[in-house]
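**Q** Got a structure for you, written out below as structure tokens; questions coming shortly.
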Amino acid sequence: MEVGGAGKYVYPAADLDRAEGEAIEALKAGSQQPISDPDRWLDEELHRNMLLTTVDAVINWARRSSLWPAVSFPACCAFEFITAEASRFDLSRFGMEIVRASPRQADLMITAGTLTWKMAPNIKRIYDQMAEPKWVIAMGACAISGGIFASSYNVVPGYNRIIPVDVYVPGCPPRPEALIYGIRMLHKKIAKRSLLQEG
Ligand code: SF4
């Protein structure tokens with residue numbers, strides 16, 4: 001019904017009720033099934049990407065993938081270590097490119113060189129100040145046993161006289177490949193650790 005001029009309509013209440021009822025019935029007829037979850041794909045993605053492991057495995061992986069060596073290289077084996085750090089051998093692929101000047105930021109000592117008793121207290125102090133857990137690789141004959149200087153009155157016949165050694169890398173000097181092999185051995189050793197050992 002048109003009232004009050006062109007464009008103005010007033011509907012009877014019964015017509016409004018009917019129109020509303022028809023709209024509701026139409027919606028009801030088209031809503032017999034629930035709408036599928038639009039995020040169902042998310043559940044499938046999670047199933048495809050779920051990885052179950054242990055806390056030990058994750059922590060050991062993180063630790064062995066970011067060993068930071070302390071600066072403590074008293075003699076000639078140091079040059080093989082420096083070569084191992086350079087681009088051809090590239091220790092950074094093991095997360096080891098950062099050689100820390102502060103022992104408090106290091107967790108690996110690579111004992112590359114002859115150790116004299118005069119230097120021994122300093123090496124022990126560096127080791128004591130390193131962060132726990134920490135590891136030691138004895139690199140070269142001098143580090144393992146004193147090497148060709150073993151009978152000298154002033155040479156420590158092996159770093160294991162003053163600090164615990166985890167891996168021994170023989171040679172005079174060992175080549176970078178040998179050092180990398182020793183580092184891989186240390187990785188395997190770290191992978192077997194458990195938090196229960198740390199009390
Ligand atoms: S093992 Fe050989 S290369 Fe290494 S520090 Fe001793 S003498 Fe030098």
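For the structure tokens, the naming scheme is as follows: chains receive sequential letters (A, B, ...) according to their order of presentation, residues are indexed from 1 within each chain, and ligands are indexed from 1 in presentation order.
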So that I can check the secondary structure, give me every residue of range 82-130 of chain A assigned helix (DSSP H, G or I) by backbone DSSP, as a VMD selection string.

**A** chain A and resid 82 to 85 91 to 94 103 to 105 120 to 129

**Q** Restricting it to C-alpha atoms, dump the selection as a compact mmCIF listing (two decimals), in the first residue's frame.

**A**
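Output below, filename part21.txt:
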# COMPACT_ATOMS: atom_id res chain seq x y z
CA ILE A 82 92.99 -22.29 12.24
CA THR A 83 92.98 -24.10 8.88
CA ALA A 84 90.01 -26.19 10.02
CA GLU A 85 88.16 -22.97 10.84
CA LEU A 91 83.86 -25.62 10.97
CA SER A 92 80.94 -23.20 10.84
CA ARG A 93 78.83 -25.99 9.34
CA PHE A 94 78.95 -27.48 12.85
CA PRO A 103 85.96 -18.89 28.61
CA ARG A 104 82.60 -18.09 30.20
CA GLN A 105 81.08 -18.08 26.70
CA ALA A 120 99.38 -25.21 33.01
CA PRO A 121 97.72 -23.09 35.77
CA ASN A 122 96.38 -20.70 33.12
CA ILE A 123 94.92 -23.51 31.00
CA LYS A 124 93.33 -25.02 34.11
CA ARG A 125 91.90 -21.61 35.03
CA ILE A 126 90.41 -21.21 31.54
CA TYR A 127 88.87 -24.69 31.81
CA ASP A 128 87.44 -23.99 35.26
CA GLN A 129 85.84 -20.76 34.00

**Q** Ligand 1: which residues are within 8 Å, counting only C-alpha atoms and all ligand atoms, as a short mmCIF file (atom, residue, chain, number, x, y, z; two decimals) with all heavy atoms, in the first residue's frame?

**A**
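Generated output (result_36.cif):
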data_model
loop_
_atom_site.label_atom_id
_atom_site.label_comp_id
_atom_site.auth_asym_id
_atom_site.auth_seq_id
_atom_site.Cartn_x
_atom_site.Cartn_y
_atom_site.Cartn_z
N PRO A 74 98.34 -23.19 22.69
CA PRO A 74 99.68 -22.78 23.07
C PRO A 74 100.78 -23.04 22.04
O PRO A 74 101.85 -22.46 22.17
CB PRO A 74 99.96 -23.62 24.34
CG PRO A 74 98.71 -24.34 24.66
CD PRO A 74 97.86 -24.33 23.45
N ALA A 75 100.59 -23.89 21.03
CA ALA A 75 101.73 -24.17 20.14
C ALA A 75 101.25 -24.51 18.74
O ALA A 75 100.14 -24.20 18.34
CB ALA A 75 102.60 -25.28 20.73
N CYS A 76 102.14 -25.23 17.98
CA CYS A 76 102.00 -25.30 16.52
C CYS A 76 100.73 -26.00 16.02
O CYS A 76 100.27 -25.71 14.91
CB CYS A 76 103.24 -25.95 15.91
SG CYS A 76 104.12 -27.07 16.99
N CYS A 77 100.13 -26.91 16.77
CA CYS A 77 98.87 -27.54 16.33
C CYS A 77 97.79 -26.49 16.07
O CYS A 77 96.83 -26.75 15.34
CB CYS A 77 98.38 -28.54 17.37
SG CYS A 77 99.01 -30.20 17.15
N ALA A 78 97.96 -25.33 16.68
CA ALA A 78 96.97 -24.27 16.52
C ALA A 78 96.75 -23.93 15.04
O ALA A 78 95.64 -23.59 14.64
CB ALA A 78 97.41 -23.02 17.28
N ALA A 112 95.22 -27.41 21.36
CA ALA A 112 96.08 -27.52 20.20
C ALA A 112 97.48 -27.01 20.52
O ALA A 112 97.83 -25.88 20.18
CB ALA A 112 95.48 -26.74 19.03
N GLY A 113 98.30 -27.84 21.13
CA GLY A 113 99.67 -27.41 21.34
C GLY A 113 100.33 -27.99 22.58
O GLY A 113 99.65 -28.51 23.48
N THR A 114 101.65 -27.89 22.62
CA THR A 114 102.44 -28.34 23.76
C THR A 114 102.09 -27.51 24.99
O THR A 114 101.95 -26.29 24.90
CB THR A 114 103.94 -28.13 23.47
OG1 THR A 114 104.18 -28.40 22.09
CG2 THR A 114 104.81 -29.01 24.33
N MET A 139 94.20 -32.32 21.09
CA MET A 139 94.60 -32.33 19.68
C MET A 139 96.12 -32.43 19.55
O MET A 139 96.84 -31.54 19.99
CB MET A 139 94.10 -31.05 19.00
CG MET A 139 94.47 -30.95 17.54
SD MET A 139 93.95 -29.38 16.84
CE MET A 139 94.54 -29.56 15.16
N GLY A 140 96.59 -33.53 18.97
CA GLY A 140 98.01 -33.68 18.70
C GLY A 140 98.74 -34.47 19.78
O GLY A 140 98.28 -34.62 20.91
N ALA A 141 99.92 -34.96 19.37
CA ALA A 141 100.70 -35.81 20.26
C ALA A 141 101.08 -35.09 21.54
O ALA A 141 101.08 -35.69 22.63
CB ALA A 141 101.96 -36.27 19.52
N CYS A 142 101.39 -33.81 21.45
CA CYS A 142 101.78 -33.06 22.65
C CYS A 142 100.63 -32.99 23.65
O CYS A 142 100.83 -33.11 24.86
CB CYS A 142 102.22 -31.65 22.28
SG CYS A 142 103.79 -31.61 21.41
N ALA A 143 99.42 -32.78 23.14
CA ALA A 143 98.27 -32.68 24.03
C ALA A 143 97.93 -34.03 24.65
O ALA A 143 97.45 -34.10 25.79
CB ALA A 143 97.06 -32.16 23.25
N GLY A 146 102.47 -35.30 25.66
CA GLY A 146 103.70 -34.49 25.69
C GLY A 146 104.46 -34.60 24.40
O GLY A 146 105.39 -33.82 24.16
N GLY A 147 104.10 -35.59 23.55
CA GLY A 147 104.70 -35.74 22.23
C GLY A 147 106.21 -35.88 22.28
O GLY A 147 106.76 -36.55 23.18
N ILE A 148 106.87 -35.22 21.35
CA ILE A 148 108.33 -35.34 21.28
C ILE A 148 109.02 -34.66 22.46
O ILE A 148 110.22 -34.83 22.68
CB ILE A 148 108.88 -34.75 19.96
CG1 ILE A 148 108.42 -33.30 19.80
CG2 ILE A 148 108.46 -35.59 18.77
CD1 ILE A 148 109.01 -32.62 18.57
N PHE A 149 108.27 -33.89 23.24
CA PHE A 149 108.85 -33.21 24.40
C PHE A 149 108.51 -33.91 25.71
O PHE A 149 108.72 -33.36 26.79
CB PHE A 149 108.32 -31.76 24.47
CG PHE A 149 108.41 -31.02 23.17
CD1 PHE A 149 107.27 -30.74 22.43
CD2 PHE A 149 109.64 -30.61 22.66
CE1 PHE A 149 107.35 -30.06 21.22
CE2 PHE A 149 109.73 -29.94 21.45
CZ PHE A 149 108.58 -29.66 20.73
N PRO A 170 95.13 -38.03 17.54
CA PRO A 170 96.58 -38.19 17.40
C PRO A 170 97.13 -37.53 16.15
O PRO A 170 96.39 -37.21 15.21
CB PRO A 170 96.74 -39.72 17.34
CG PRO A 170 95.45 -40.22 16.80
CD PRO A 170 94.39 -39.25 17.26
N GLY A 171 98.47 -37.34 16.14
CA GLY A 171 99.14 -36.74 14.98
C GLY A 171 100.09 -35.66 15.43
O GLY A 171 99.99 -35.15 16.54
N CYS A 172 101.05 -35.32 14.56
CA CYS A 172 102.00 -34.25 14.90
C CYS A 172 102.32 -33.46 13.64
O CYS A 172 103.32 -33.71 12.99
CB CYS A 172 103.27 -34.83 15.50
SG CYS A 172 104.51 -33.57 15.92
N PRO A 173 101.48 -32.51 13.28
CA PRO A 173 100.17 -32.25 13.87
C PRO A 173 99.10 -33.07 13.18
O PRO A 173 99.30 -33.54 12.06
CB PRO A 173 99.96 -30.76 13.55
CG PRO A 173 100.63 -30.59 12.21
CD PRO A 173 101.82 -31.52 12.22
N PRO A 174 97.93 -33.22 13.81
CA PRO A 174 96.81 -33.84 13.09
C PRO A 174 96.32 -32.89 12.00
O PRO A 174 96.29 -31.67 12.22
CB PRO A 174 95.72 -34.01 14.17
CG PRO A 174 96.32 -33.58 15.46
CD PRO A 174 97.56 -32.80 15.17
#

**Q** Which residues, written as a ChimeraX atom specification, have at least one atom at most 12 Å from Tyr153 in chain A, with only C-alpha atoms counted and residues fewer than 2 positions away on the same chain left out?

**A** /A:115-118,146,149-151,155-157

**Q** Please write the residues from the selection above to a file, keeping all heavy atoms, as a compact mmCIF listing (two decimals), in the first residue's frame.

**A**
# COMPACT_ATOMS: atom_id res chain seq x y z
N LEU A 115 101.96 -28.17 26.11
CA LEU A 115 101.64 -27.44 27.34
C LEU A 115 102.82 -27.53 28.30
O LEU A 115 103.27 -28.64 28.63
CB LEU A 115 100.39 -28.03 28.00
CG LEU A 115 99.93 -27.33 29.27
CD1 LEU A 115 99.53 -25.89 28.99
CD2 LEU A 115 98.77 -28.08 29.91
N THR A 116 103.33 -26.40 28.73
CA THR A 116 104.39 -26.40 29.73
C THR A 116 103.77 -26.23 31.12
O THR A 116 102.65 -25.73 31.26
CB THR A 116 105.37 -25.24 29.48
OG1 THR A 116 104.65 -24.01 29.57
CG2 THR A 116 106.03 -25.36 28.12
N TRP A 117 104.54 -26.65 32.13
CA TRP A 117 104.02 -26.53 33.50
C TRP A 117 103.81 -25.07 33.87
O TRP A 117 102.95 -24.74 34.68
CB TRP A 117 104.96 -27.22 34.49
CG TRP A 117 104.80 -28.71 34.47
CD1 TRP A 117 105.69 -29.62 34.03
CD2 TRP A 117 103.65 -29.43 34.91
NE1 TRP A 117 105.18 -30.89 34.14
CE2 TRP A 117 103.93 -30.80 34.70
CE3 TRP A 117 102.42 -29.10 35.46
CZ2 TRP A 117 103.01 -31.82 35.00
CZ3 TRP A 117 101.51 -30.10 35.77
CH2 TRP A 117 101.82 -31.43 35.54
N LYS A 118 104.60 -24.18 33.22
CA LYS A 118 104.42 -22.76 33.51
C LYS A 118 103.05 -22.26 33.02
O LYS A 118 102.42 -21.41 33.63
CB LYS A 118 105.54 -21.95 32.86
CG LYS A 118 105.52 -20.49 33.24
CD LYS A 118 106.73 -19.76 32.70
CE LYS A 118 106.71 -18.30 33.14
NZ LYS A 118 107.86 -17.56 32.64
N GLY A 146 102.47 -35.30 25.66
CA GLY A 146 103.70 -34.49 25.69
C GLY A 146 104.46 -34.60 24.40
O GLY A 146 105.39 -33.82 24.16
N PHE A 149 108.27 -33.89 23.24
CA PHE A 149 108.85 -33.21 24.40
C PHE A 149 108.51 -33.91 25.71
O PHE A 149 108.72 -33.36 26.79
CB PHE A 149 108.32 -31.76 24.47
CG PHE A 149 108.41 -31.02 23.17
CD1 PHE A 149 107.27 -30.74 22.43
CD2 PHE A 149 109.64 -30.61 22.66
CE1 PHE A 149 107.35 -30.06 21.22
CE2 PHE A 149 109.73 -29.94 21.45
CZ PHE A 149 108.58 -29.66 20.73
N ALA A 150 107.97 -35.12 25.62
CA ALA A 150 107.42 -35.77 26.81
C ALA A 150 108.44 -35.91 27.92
O ALA A 150 108.09 -35.86 29.11
CB ALA A 150 106.87 -37.14 26.42
N SER A 151 109.71 -36.09 27.56
CA SER A 151 110.71 -36.31 28.60
C SER A 151 111.29 -35.01 29.15
O SER A 151 112.16 -35.04 30.02
CB SER A 151 111.85 -37.20 28.05
OG SER A 151 112.40 -36.59 26.90
N VAL A 155 107.55 -29.89 30.40
CA VAL A 155 106.36 -30.14 29.57
C VAL A 155 105.39 -31.06 30.31
O VAL A 155 105.80 -32.08 30.88
CB VAL A 155 106.76 -30.74 28.21
CG1 VAL A 155 105.54 -31.23 27.44
CG2 VAL A 155 107.51 -29.69 27.39
N VAL A 156 104.11 -30.70 30.29
CA VAL A 156 103.08 -31.55 30.90
C VAL A 156 102.88 -32.77 30.00
O VAL A 156 102.58 -32.62 28.81
CB VAL A 156 101.75 -30.76 31.02
CG1 VAL A 156 100.68 -31.65 31.65
CG2 VAL A 156 101.94 -29.48 31.83
N PRO A 157 103.02 -33.97 30.51
CA PRO A 157 102.90 -35.18 29.66
C PRO A 157 101.43 -35.55 29.40
O PRO A 157 100.98 -36.65 29.72
CB PRO A 157 103.62 -36.25 30.48
CG PRO A 157 103.45 -35.81 31.89
CD PRO A 157 103.42 -34.31 31.90

**Q** DSSP on the backbone, then: every residue of range 125-185 of chain A marked strand (DSSP E or B), written as a list in words.

**A** Trp135, Val136, Ile137, Ala138, Met139, Val155, Val167, Tyr168 and Val169 of chain A

**Q** May I have the selected residues written with C-alpha atoms, as a JSON list (two decimals), in the first residue's frame?

**A**
[["chain", "number", "residue", "atom", "x", "y", "z"],
["A", 135, "TRP", "CA", 84.19, -30.77, 26.75],
["A", 136, "VAL", "CA", 87.86, -31.12, 25.87],
["A", 137, "ILE", "CA", 89.49, -32.42, 22.68],
["A", 138, "ALA", "CA", 93.19, -33.24, 23.09],
["A", 139, "MET", "CA", 94.60, -32.33, 19.68],
["A", 155, "VAL", "CA", 106.36, -30.14, 29.57],
["A", 167, "VAL", "CA", 88.37, -37.11, 22.72],
["A", 168, "TYR", "CA", 91.99, -37.70, 21.66],
["A", 169, "VAL", "CA", 93.09, -36.75, 18.12]]

**Q** Tell me, as number ranges by chain, which residues lie within 10 Å of range 62-67 of chain A, counting only C-alpha atoms; anything in the same chain fewer than 4 positions away does not count.

**A** A: 56-58, 92-99, 106-109, 133-135, 183-184, 186-191

**Q** Store the residues picked out above, limited to N, CA and C atoms, as an mmCIF file, in the first residue's frame.

**A**
data_model
loop_
_atom_site.group_PDB
_atom_site.id
_atom_site.type_symbol
_atom_site.label_atom_id
_atom_site.label_comp_id
_atom_site.auth_asym_id
_atom_site.auth_seq_id
_atom_site.Cartn_x
_atom_site.Cartn_y
_atom_site.Cartn_z
ATOM 1 N N ASP A 56 65.953 -35.036 26.074
ATOM 2 C CA ASP A 56 67.393 -35.314 25.950
ATOM 3 C C ASP A 56 67.862 -35.143 24.507
ATOM 4 N N ALA A 57 67.092 -35.702 23.559
ATOM 5 C CA ALA A 57 67.515 -35.653 22.154
ATOM 6 C C ALA A 57 67.574 -34.211 21.659
ATOM 7 N N VAL A 58 66.591 -33.393 22.038
ATOM 8 C CA VAL A 58 66.567 -32.004 21.567
ATOM 9 C C VAL A 58 67.724 -31.211 22.185
ATOM 10 N N SER A 92 82.213 -23.866 10.552
ATOM 11 C CA SER A 92 80.943 -23.197 10.842
ATOM 12 C C SER A 92 79.757 -24.082 10.478
ATOM 13 N N ARG A 93 79.960 -25.089 9.648
ATOM 14 C CA ARG A 93 78.827 -25.985 9.341
ATOM 15 C C ARG A 93 78.423 -26.783 10.568
ATOM 16 N N PHE A 94 79.310 -26.827 11.585
ATOM 17 C CA PHE A 94 78.947 -27.477 12.852
ATOM 18 C C PHE A 94 78.557 -26.439 13.909
ATOM 19 N N GLY A 95 78.390 -25.186 13.513
ATOM 20 C CA GLY A 95 78.045 -24.137 14.482
ATOM 21 C C GLY A 95 79.225 -23.744 15.350
ATOM 22 N N MET A 96 80.467 -23.926 14.832
ATOM 23 C CA MET A 96 81.667 -23.709 15.656
ATOM 24 C C MET A 96 82.504 -22.536 15.193
ATOM 25 N N GLU A 97 81.931 -21.644 14.383
ATOM 26 C CA GLU A 97 82.770 -20.590 13.829
ATOM 27 C C GLU A 97 83.126 -19.514 14.844
ATOM 28 N N ILE A 98 82.440 -19.507 15.974
ATOM 29 C CA ILE A 98 82.713 -18.460 16.956
ATOM 30 C C ILE A 98 83.704 -19.002 17.981
ATOM 31 N N VAL A 99 84.938 -18.533 17.921
ATOM 32 C CA VAL A 99 85.947 -18.909 18.916
ATOM 33 C C VAL A 99 85.941 -17.816 19.980
ATOM 34 N N ALA A 106 82.339 -20.158 26.369
ATOM 35 C CA ALA A 106 82.791 -21.319 25.596
ATOM 36 C C ALA A 106 82.432 -22.601 26.330
ATOM 37 N N ASP A 107 82.201 -23.675 25.559
ATOM 38 C CA ASP A 107 81.965 -24.973 26.189
ATOM 39 C C ASP A 107 82.851 -26.064 25.589
ATOM 40 N N LEU A 108 83.832 -25.674 24.769
ATOM 41 C CA LEU A 108 84.755 -26.662 24.201
ATOM 42 C C LEU A 108 86.169 -26.119 24.252
ATOM 43 N N MET A 109 87.096 -26.925 24.790
ATOM 44 C CA MET A 109 88.513 -26.575 24.733
ATOM 45 C C MET A 109 89.191 -27.542 23.775
ATOM 46 N N PRO A 133 77.573 -27.653 30.538
ATOM 47 C CA PRO A 133 78.550 -28.731 30.447
ATOM 48 C C PRO A 133 79.632 -28.360 29.431
ATOM 49 N N LYS A 134 80.842 -28.894 29.650
ATOM 50 C CA LYS A 134 81.967 -28.510 28.792
ATOM 51 C C LYS A 134 82.759 -29.752 28.404
ATOM 52 N N TRP A 135 83.475 -29.625 27.295
ATOM 53 C CA TRP A 135 84.189 -30.767 26.750
ATOM 54 C C TRP A 135 85.596 -30.355 26.338
ATOM 55 N N ILE A 183 85.926 -34.126 16.234
ATOM 56 C CA ILE A 183 84.736 -33.335 16.582
ATOM 57 C C ILE A 183 83.474 -34.172 16.365
ATOM 58 N N ARG A 184 83.447 -34.968 15.283
ATOM 59 C CA ARG A 184 82.283 -35.833 15.033
ATOM 60 C C ARG A 184 82.168 -36.891 16.127
ATOM 61 N N LEU A 186 83.071 -36.422 19.203
ATOM 62 C CA LEU A 186 82.523 -35.699 20.360
ATOM 63 C C LEU A 186 81.015 -35.498 20.195
ATOM 64 N N HIS A 187 80.577 -35.204 18.972
ATOM 65 C CA HIS A 187 79.133 -35.063 18.724
ATOM 66 C C HIS A 187 78.404 -36.341 19.135
ATOM 67 N N LYS A 188 78.985 -37.488 18.770
ATOM 68 C CA LYS A 188 78.329 -38.762 19.118
ATOM 69 C C LYS A 188 78.294 -38.955 20.632
ATOM 70 N N LYS A 189 79.355 -38.529 21.279
ATOM 71 C CA LYS A 189 79.406 -38.658 22.735
ATOM 72 C C LYS A 189 78.333 -37.774 23.383
ATOM 73 N N ILE A 190 78.199 -36.547 22.893
ATOM 74 C CA ILE A 190 77.194 -35.630 23.447
ATOM 75 C C ILE A 190 75.788 -36.174 23.193
ATOM 76 N N ALA A 191 75.592 -36.806 22.029
ATOM 77 C CA ALA A 191 74.259 -37.315 21.682
ATOM 78 C C ALA A 191 73.790 -38.381 22.664
#

**Q** Take CA of Asn154 in chain A and CA of Phe79 in chain A and report the distance between them in Å, one decimal.

**A** 22.6 Å

**Q** What separation in Å, quoted to one decimal, exists between CA of Ile180 in chain A and CA of Arg193 in chain A?

**A**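 These atoms are spaced 20.4 Å apart.
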
**Q** Ranking A:Leu42, A:Ala23, A:Ala178, A:Ala131 by minimum distance to Trp68 in chain A and counting only C-alpha atoms, which one comes first?

**A** A:Ala131

**Q** Calculate how many Å separate CA of Phe73 in chain A from CA of Pro176 in chain A, rounding to one decimal.

**A**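 We find that CA of Phe73 in chain A and CA of Pro176 in chain A lie 14.8 Å from each other.
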